[in-house]
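Down below is the structure, laid out as structure tokens.
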Amino acid sequence: LPIADTPDNVILAMADPLDGFVSGSIAAALGRPVAIAVAVPIEFEAAFNRLYPESESGQGGAHSGDIVSDAEPSEEDTERLKDLASEAPVIRLVNQLIARAVETGASDVHIEPFEDRLRIRYRYDGALHEAEPPPARLRAAVVSRVKIMSRLDIAERRLPQDGRIRLSVRGQEVDFRVSTIPSLNGESVVLRVLDRTAVEFDFVKLGLPDDVRQALERVFDLPNGMVLVTGPTGSGKTTTLYTGLLKLNSTVRNIITVEDPVEYQLAGINQIQVKPQIGLNFATLLRSILRHDPDVIMIGEIRDLETAQIAVQAALTGHLVLSTVHTNSAAATVTRLRDMGVEDYLLSATLKGVLAQRLVRRLCPKCKIPEPAAPIMIERFGLDRLVPPGQEISLYRSAGCPECRDTGYRGRRAIAELLVPTQEIDRLIFQRADQGAIERAAVADGMRPIFDAGLLAVIEGDTTIEEVVRCIRSEA
């Protein structure tokens, strides 16, 4: 509770003065330093209830659980929720949750209602971390507030909804993609943080080795053909494509993208979002785009034969086509497109490069320490074949520190393999060779397999073997 406003700070009375989440969030929301005064818990609760009584709409113990139901909500219920979500404490709480996500570098915020609590979790470097929960009685109000901010229908609680929020957080414009899904105890909400200033659209900063980066840049400079980035969800495919687009972006090129959804707005690039509800899908848009005099076309994802065929046709007719596919390796992309129904002779004629990538967590630079690699680890993973003869191999570990939230990791980097088809690989594709034969030919031509790329990152002290195995071998 705020009890004084001085020229230097705002003084807060707190029942738990060690709760850094609350004090930090309030300081962030106010944009001013805060000082903490200790309050007796019983007296604090009494004062809080006097100042912020439960909404009259919820009197008689009718908390959020009474409003959430599988039945169609009444107009009265909807108005009660709207009023509750518009109360000052709820607005402040949601603003604090969002500000904390941006200021701490979270990629997602999870708001999950359970029978007796509202769980808040933030995703950092691919892993979820639980935060101090707000009062359980605010479950429905918090969800409704987010839905109001993202212009969703708060009366509809039986169906999933998607929306978007744009806010100014500490002077910077940040977009949030919002998804709601009905669950047993109410609606679960996930906000994806799309902070343009927090994303590095640079191949070097993505962590790509020099040889892969230079080869990839040469592929992006080709006047036509199809360049694909592959990997599972959350492996940084869109970031890599955006980086390539920004390198190509100039006044002499017409670059058009078709995305679902548009993640970040790129200056000077024509970006289009698919809208399946009105029949505006990838294939429909691509046909129109080909009549719009494009030089470069970026397709968010090739999901079906129709989209793949149009992409190949565009590449054959003098356009550079960039897109993503969900496969586990570069060579598997060929068989994936083949399975969709794309003819092999078209693949061999248009495919100019495939980058398979993952994002692995980086060891915290503040607390990582080297240790000589155990002989059994060197032998098991063949680490000695990746370094000059006689070089001592060290493996790093982190104990955890405040800088990395005691996880041992801070930030992520890409590890990747790049397949650039040669005449021999084109011949294999044309002859319907299997994935293994294509991969062996690529390795013989100099492609470093993605697992070896991960092991090199381990030897460089950037990550751990456990992290590489988690991201790659677990998919095999």
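Residues are named by chain letter and number: chains run A, B, ... in the order of the structure tokens, numbers start at 1 in each chain, and ligands are numbered from 1 in the order shown.
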
Please build the interface table for stretch 189-216 of chain A against stretch 127-147 of chain A with a cut-off of 12 Å, listing for each qualifying residue the nearest atom pair and the distance in Å to one decimal; count only C-alpha atoms, order rows by chain and increasing number, and write it as CSV.
```
residue,atom,partner,partner_atom,distance
A:Val189,CA,A:Val143,CA,7.0
A:Val190,CA,A:Val146,CA,9.9
A:Leu191,CA,A:Val146,CA,9.1
```

Write out as a PyMOL selection string each polymer residue whose atoms come within 12 Å of A:Arg440, counting only C-alpha atoms; drop sequence neighbours fewer than 2 positions from it.
chain A and resi 330-331+419+424-425+428+433-438+442-449

Residues flagged alpha helix (DSSP H) by DSSP in stretch 199-437 of chain A, as a ChimeraX atom specification
/A:210-220,237-248,282-289,305-316,330-340,344-350,375-381,423-430,435-437

Could you check which of A:Gly24, A:Pro402, A:Pro365, A:Gly454 is closest to A:Phe381, using only C-alpha atoms?
A:Gly454

Show which residues sit within 12 Å of A:Val34, as a list in words. Count only C-alpha atoms, and ignore same-chain residues fewer than 2 positions away.
Leu1, Pro2, Ile3, Ala4, Asp5, Thr6, Pro7, Asp8, Asn9, Val10, Ile11, Leu12, Ala13, Met14, Pro17, Gly20, Val22, Ser23, Gly24, Ser25, Ile26, Ala27, Ala28, Ala29, Leu30, Gly31, Arg32, Ile36 and Ala37 of chain A

Expected file: the selected residues, N, CA and C atoms, as a PDB file, in the first residue's frame:
```
ATOM      1  N   LEU A   1       0.846  -1.194   0.000  1.00  0.00           N
ATOM      2  CA  LEU A   1       0.000   0.000   0.000  1.00  0.00           C
ATOM      3  C   LEU A   1       0.885   1.248   0.000  1.00  0.00           C
ATOM      4  N   PRO A   2       0.587   2.243  -0.851  1.00  0.00           N
ATOM      5  CA  PRO A   2       1.348   3.490  -0.807  1.00  0.00           C
ATOM      6  C   PRO A   2       0.938   4.305   0.420  1.00  0.00           C
ATOM      7  N   ILE A   3       1.930   4.773   1.162  1.00  0.00           N
ATOM      8  CA  ILE A   3       1.593   5.549   2.362  1.00  0.00           C
ATOM      9  C   ILE A   3       2.181   6.953   2.335  1.00  0.00           C
ATOM     10  N   ALA A   4       3.130   7.214   1.426  1.00  0.00           N
ATOM     11  CA  ALA A   4       3.705   8.559   1.342  1.00  0.00           C
ATOM     12  C   ALA A   4       4.359   8.749  -0.016  1.00  0.00           C
ATOM     13  N   ASP A   5       4.301  10.005  -0.490  1.00  0.00           N
ATOM     14  CA  ASP A   5       4.932  10.370  -1.761  1.00  0.00           C
ATOM     15  C   ASP A   5       5.911  11.501  -1.487  1.00  0.00           C
ATOM     16  N   THR A   6       7.207  11.205  -1.513  1.00  0.00           N
ATOM     17  CA  THR A   6       8.235  12.199  -1.225  1.00  0.00           C
ATOM     18  C   THR A   6       8.912  12.616  -2.530  1.00  0.00           C
ATOM     19  N   PRO A   7       9.689  13.700  -2.516  1.00  0.00           N
ATOM     20  CA  PRO A   7      10.402  14.103  -3.742  1.00  0.00           C
ATOM     21  C   PRO A   7      11.371  13.027  -4.239  1.00  0.00           C
ATOM     22  N   ASP A   8      11.861  12.184  -3.324  1.00  0.00           N
ATOM     23  CA  ASP A   8      12.861  11.186  -3.709  1.00  0.00           C
ATOM     24  C   ASP A   8      12.259   9.852  -4.116  1.00  0.00           C
ATOM     25  N   ASN A   9      11.139   9.489  -3.496  1.00  0.00           N
ATOM     26  CA  ASN A   9      10.589   8.165  -3.770  1.00  0.00           C
ATOM     27  C   ASN A   9       9.145   8.070  -3.294  1.00  0.00           C
ATOM     28  N   VAL A  10       8.565   6.898  -3.558  1.00  0.00           N
ATOM     29  CA  VAL A  10       7.237   6.570  -3.035  1.00  0.00           C
ATOM     30  C   VAL A  10       7.429   5.523  -1.946  1.00  0.00           C
ATOM     31  N   ILE A  11       6.827   5.754  -0.780  1.00  0.00           N
ATOM     32  CA  ILE A  11       6.983   4.827   0.340  1.00  0.00           C
ATOM     33  C   ILE A  11       5.810   3.854   0.342  1.00  0.00           C
ATOM     34  N   LEU A  12       6.146   2.562   0.360  1.00  0.00           N
ATOM     35  CA  LEU A  12       5.136   1.511   0.333  1.00  0.00           C
ATOM     36  C   LEU A  12       5.135   0.755   1.645  1.00  0.00           C
ATOM     37  N   ALA A  13       3.945   0.437   2.132  1.00  0.00           N
ATOM     38  CA  ALA A  13       3.819  -0.470   3.277  1.00  0.00           C
ATOM     39  C   ALA A  13       3.609  -1.872   2.726  1.00  0.00           C
ATOM     40  N   MET A  14       4.464  -2.804   3.156  1.00  0.00           N
ATOM     41  CA  MET A  14       4.382  -4.169   2.641  1.00  0.00           C
ATOM     42  C   MET A  14       4.401  -5.169   3.780  1.00  0.00           C
ATOM     43  N   PRO A  17       8.293  -7.405   3.088  1.00  0.00           N
ATOM     44  CA  PRO A  17       9.228  -6.418   2.531  1.00  0.00           C
ATOM     45  C   PRO A  17      10.314  -7.031   1.654  1.00  0.00           C
ATOM     46  N   GLY A  20      10.681  -8.877  -3.786  1.00  0.00           N
ATOM     47  CA  GLY A  20      11.252  -8.004  -4.810  1.00  0.00           C
ATOM     48  C   GLY A  20      10.400  -7.895  -6.054  1.00  0.00           C
ATOM     49  N   VAL A  22       7.081  -7.676  -6.279  1.00  0.00           N
ATOM     50  CA  VAL A  22       6.050  -6.651  -6.104  1.00  0.00           C
ATOM     51  C   VAL A  22       6.667  -5.256  -6.115  1.00  0.00           C
ATOM     52  N   SER A  23       7.711  -5.046  -5.296  1.00  0.00           N
ATOM     53  CA  SER A  23       8.306  -3.709  -5.217  1.00  0.00           C
ATOM     54  C   SER A  23       8.915  -3.297  -6.550  1.00  0.00           C
ATOM     55  N   GLY A  24       9.567  -4.245  -7.231  1.00  0.00           N
ATOM     56  CA  GLY A  24      10.161  -3.928  -8.530  1.00  0.00           C
ATOM     57  C   GLY A  24       9.114  -3.602  -9.573  1.00  0.00           C
ATOM     58  N   SER A  25       8.011  -4.346  -9.561  1.00  0.00           N
ATOM     59  CA  SER A  25       6.939  -4.097 -10.525  1.00  0.00           C
ATOM     60  C   SER A  25       6.299  -2.730 -10.302  1.00  0.00           C
ATOM     61  N   ILE A  26       6.098  -2.374  -9.023  1.00  0.00           N
ATOM     62  CA  ILE A  26       5.502  -1.071  -8.719  1.00  0.00           C
ATOM     63  C   ILE A  26       6.443   0.053  -9.135  1.00  0.00           C
ATOM     64  N   ALA A  27       7.734  -0.115  -8.852  1.00  0.00           N
ATOM     65  CA  ALA A  27       8.712   0.898  -9.260  1.00  0.00           C
ATOM     66  C   ALA A  27       8.717   1.062 -10.773  1.00  0.00           C
ATOM     67  N   ALA A  28       8.615  -0.070 -11.483  1.00  0.00           N
ATOM     68  CA  ALA A  28       8.602  -0.016 -12.949  1.00  0.00           C
ATOM     69  C   ALA A  28       7.356   0.690 -13.463  1.00  0.00           C
ATOM     70  N   ALA A  29       6.212   0.387 -12.836  1.00  0.00           N
ATOM     71  CA  ALA A  29       4.956   0.993 -13.279  1.00  0.00           C
ATOM     72  C   ALA A  29       4.931   2.497 -12.999  1.00  0.00           C
ATOM     73  N   LEU A  30       5.485   2.896 -11.849  1.00  0.00           N
ATOM     74  CA  LEU A  30       5.492   4.309 -11.475  1.00  0.00           C
ATOM     75  C   LEU A  30       6.604   5.087 -12.161  1.00  0.00           C
ATOM     76  N   GLY A  31       7.662   4.373 -12.541  1.00  0.00           N
ATOM     77  CA  GLY A  31       8.824   5.052 -13.095  1.00  0.00           C
ATOM     78  C   GLY A  31       9.591   5.840 -12.056  1.00  0.00           C
ATOM     79  N   ARG A  32       9.478   5.422 -10.784  1.00  0.00           N
ATOM     80  CA  ARG A  32      10.147   6.130  -9.687  1.00  0.00           C
ATOM     81  C   ARG A  32      10.682   5.121  -8.691  1.00  0.00           C
ATOM     82  N   ILE A  36      10.567   0.867   1.209  1.00  0.00           N
ATOM     83  CA  ILE A  36       9.674  -0.113   1.820  1.00  0.00           C
ATOM     84  C   ILE A  36       9.564   0.124   3.325  1.00  0.00           C
ATOM     85  N   ALA A  37       8.314   0.140   3.804  1.00  0.00           N
ATOM     86  CA  ALA A  37       8.041   0.167   5.238  1.00  0.00           C
ATOM     87  C   ALA A  37       7.345  -1.139   5.600  1.00  0.00           C
TER      88      ALA A  37
END
```

Please run DSSP on the backbone and report, as JSON, numbers by chain, all residues within stretch 163-347 of chain A that come out as strand (DSSP E or B).
{"A": [163, 164, 165, 166, 167, 168, 169, 172, 173, 174, 175, 176, 177, 178, 179, 180, 181, 182, 183, 186, 187, 188, 189, 190, 191, 192, 193, 194, 225, 226, 227, 228, 229, 230, 255, 256, 257, 258, 259, 270, 271, 272, 273, 275, 280, 296, 297, 298, 299, 320, 321, 322, 323, 324, 325]}

Generate a file of the selected residues that holds C-alpha atoms, formatted as a PDB file, in the first residue's frame.
```pdb
ATOM      1  CA  GLY A 163      -5.692 -10.637 -30.440  1.00  0.00           C
ATOM      2  CA  ARG A 164      -2.932  -8.085 -30.292  1.00  0.00           C
ATOM      3  CA  ILE A 165      -1.897  -5.272 -27.946  1.00  0.00           C
ATOM      4  CA  ARG A 166       0.418  -2.336 -28.599  1.00  0.00           C
ATOM      5  CA  LEU A 167       1.669  -0.520 -25.506  1.00  0.00           C
ATOM      6  CA  SER A 168       4.292   2.015 -24.576  1.00  0.00           C
ATOM      7  CA  VAL A 169       6.509   0.506 -21.874  1.00  0.00           C
ATOM      8  CA  GLN A 172       9.236   2.208 -26.129  1.00  0.00           C
ATOM      9  CA  GLU A 173       6.489   0.767 -28.300  1.00  0.00           C
ATOM     10  CA  VAL A 174       6.022  -2.966 -27.732  1.00  0.00           C
ATOM     11  CA  ASP A 175       3.575  -5.337 -29.409  1.00  0.00           C
ATOM     12  CA  PHE A 176       2.032  -8.359 -27.702  1.00  0.00           C
ATOM     13  CA  ARG A 177       0.311 -11.263 -29.427  1.00  0.00           C
ATOM     14  CA  VAL A 178      -2.506 -12.564 -27.211  1.00  0.00           C
ATOM     15  CA  SER A 179      -4.008 -16.049 -27.206  1.00  0.00           C
ATOM     16  CA  THR A 180      -6.829 -17.230 -24.944  1.00  0.00           C
ATOM     17  CA  ILE A 181      -7.989 -20.821 -24.479  1.00  0.00           C
ATOM     18  CA  PRO A 182     -10.872 -22.000 -22.241  1.00  0.00           C
ATOM     19  CA  SER A 183      -9.699 -24.293 -19.443  1.00  0.00           C
ATOM     20  CA  GLY A 186     -11.438 -20.220 -16.607  1.00  0.00           C
ATOM     21  CA  GLU A 187      -9.526 -18.872 -19.574  1.00  0.00           C
ATOM     22  CA  SER A 188      -5.785 -19.391 -19.894  1.00  0.00           C
ATOM     23  CA  VAL A 189      -3.961 -16.476 -21.518  1.00  0.00           C
ATOM     24  CA  VAL A 190      -0.553 -16.321 -23.175  1.00  0.00           C
ATOM     25  CA  LEU A 191       1.023 -13.043 -24.261  1.00  0.00           C
ATOM     26  CA  ARG A 192       3.932 -13.291 -26.717  1.00  0.00           C
ATOM     27  CA  VAL A 193       6.224 -10.273 -26.281  1.00  0.00           C
ATOM     28  CA  LEU A 194       7.201  -8.796 -29.652  1.00  0.00           C
ATOM     29  CA  GLY A 225      15.568 -19.758 -56.364  1.00  0.00           C
ATOM     30  CA  MET A 226      14.175 -21.074 -53.086  1.00  0.00           C
ATOM     31  CA  VAL A 227      15.937 -20.707 -49.722  1.00  0.00           C
ATOM     32  CA  LEU A 228      14.426 -22.524 -46.735  1.00  0.00           C
ATOM     33  CA  VAL A 229      14.982 -22.342 -42.980  1.00  0.00           C
ATOM     34  CA  THR A 230      13.893 -25.398 -41.028  1.00  0.00           C
ATOM     35  CA  ILE A 255      10.010  -7.389 -51.101  1.00  0.00           C
ATOM     36  CA  ILE A 256       6.651  -8.871 -50.109  1.00  0.00           C
ATOM     37  CA  THR A 257       5.955 -11.218 -47.210  1.00  0.00           C
ATOM     38  CA  VAL A 258       2.971 -13.447 -46.426  1.00  0.00           C
ATOM     39  CA  GLU A 259       2.884 -14.322 -42.723  1.00  0.00           C
ATOM     40  CA  ASN A 270       5.361  -4.996 -47.743  1.00  0.00           C
ATOM     41  CA  GLN A 271       4.034  -7.412 -45.122  1.00  0.00           C
ATOM     42  CA  ILE A 272       0.696  -9.207 -45.465  1.00  0.00           C
ATOM     43  CA  GLN A 273      -1.056 -11.294 -42.832  1.00  0.00           C
ATOM     44  CA  LYS A 275      -6.837 -14.203 -42.790  1.00  0.00           C
ATOM     45  CA  LEU A 280      -7.166 -15.149 -47.472  1.00  0.00           C
ATOM     46  CA  VAL A 296      11.730 -11.254 -53.197  1.00  0.00           C
ATOM     47  CA  ILE A 297       8.864 -13.214 -51.637  1.00  0.00           C
ATOM     48  CA  MET A 298       8.893 -14.456 -48.051  1.00  0.00           C
ATOM     49  CA  ILE A 299       6.330 -17.116 -47.112  1.00  0.00           C
ATOM     50  CA  LEU A 320      13.909 -15.262 -54.773  1.00  0.00           C
ATOM     51  CA  VAL A 321      11.587 -17.175 -52.444  1.00  0.00           C
ATOM     52  CA  LEU A 322      12.308 -17.495 -48.712  1.00  0.00           C
ATOM     53  CA  SER A 323      10.279 -19.708 -46.402  1.00  0.00           C
ATOM     54  CA  THR A 324      10.272 -22.153 -43.485  1.00  0.00           C
ATOM     55  CA  VAL A 325       9.482 -25.846 -43.145  1.00  0.00           C
TER      56      VAL A 325
END
```

To one decimal place, how far is atom CA of A:Cys367 from atom CA of A:Glu103 in Å?
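Interatomic distance, atom CA of A:Cys367 to atom CA of A:Glu103: 22.0 Å.
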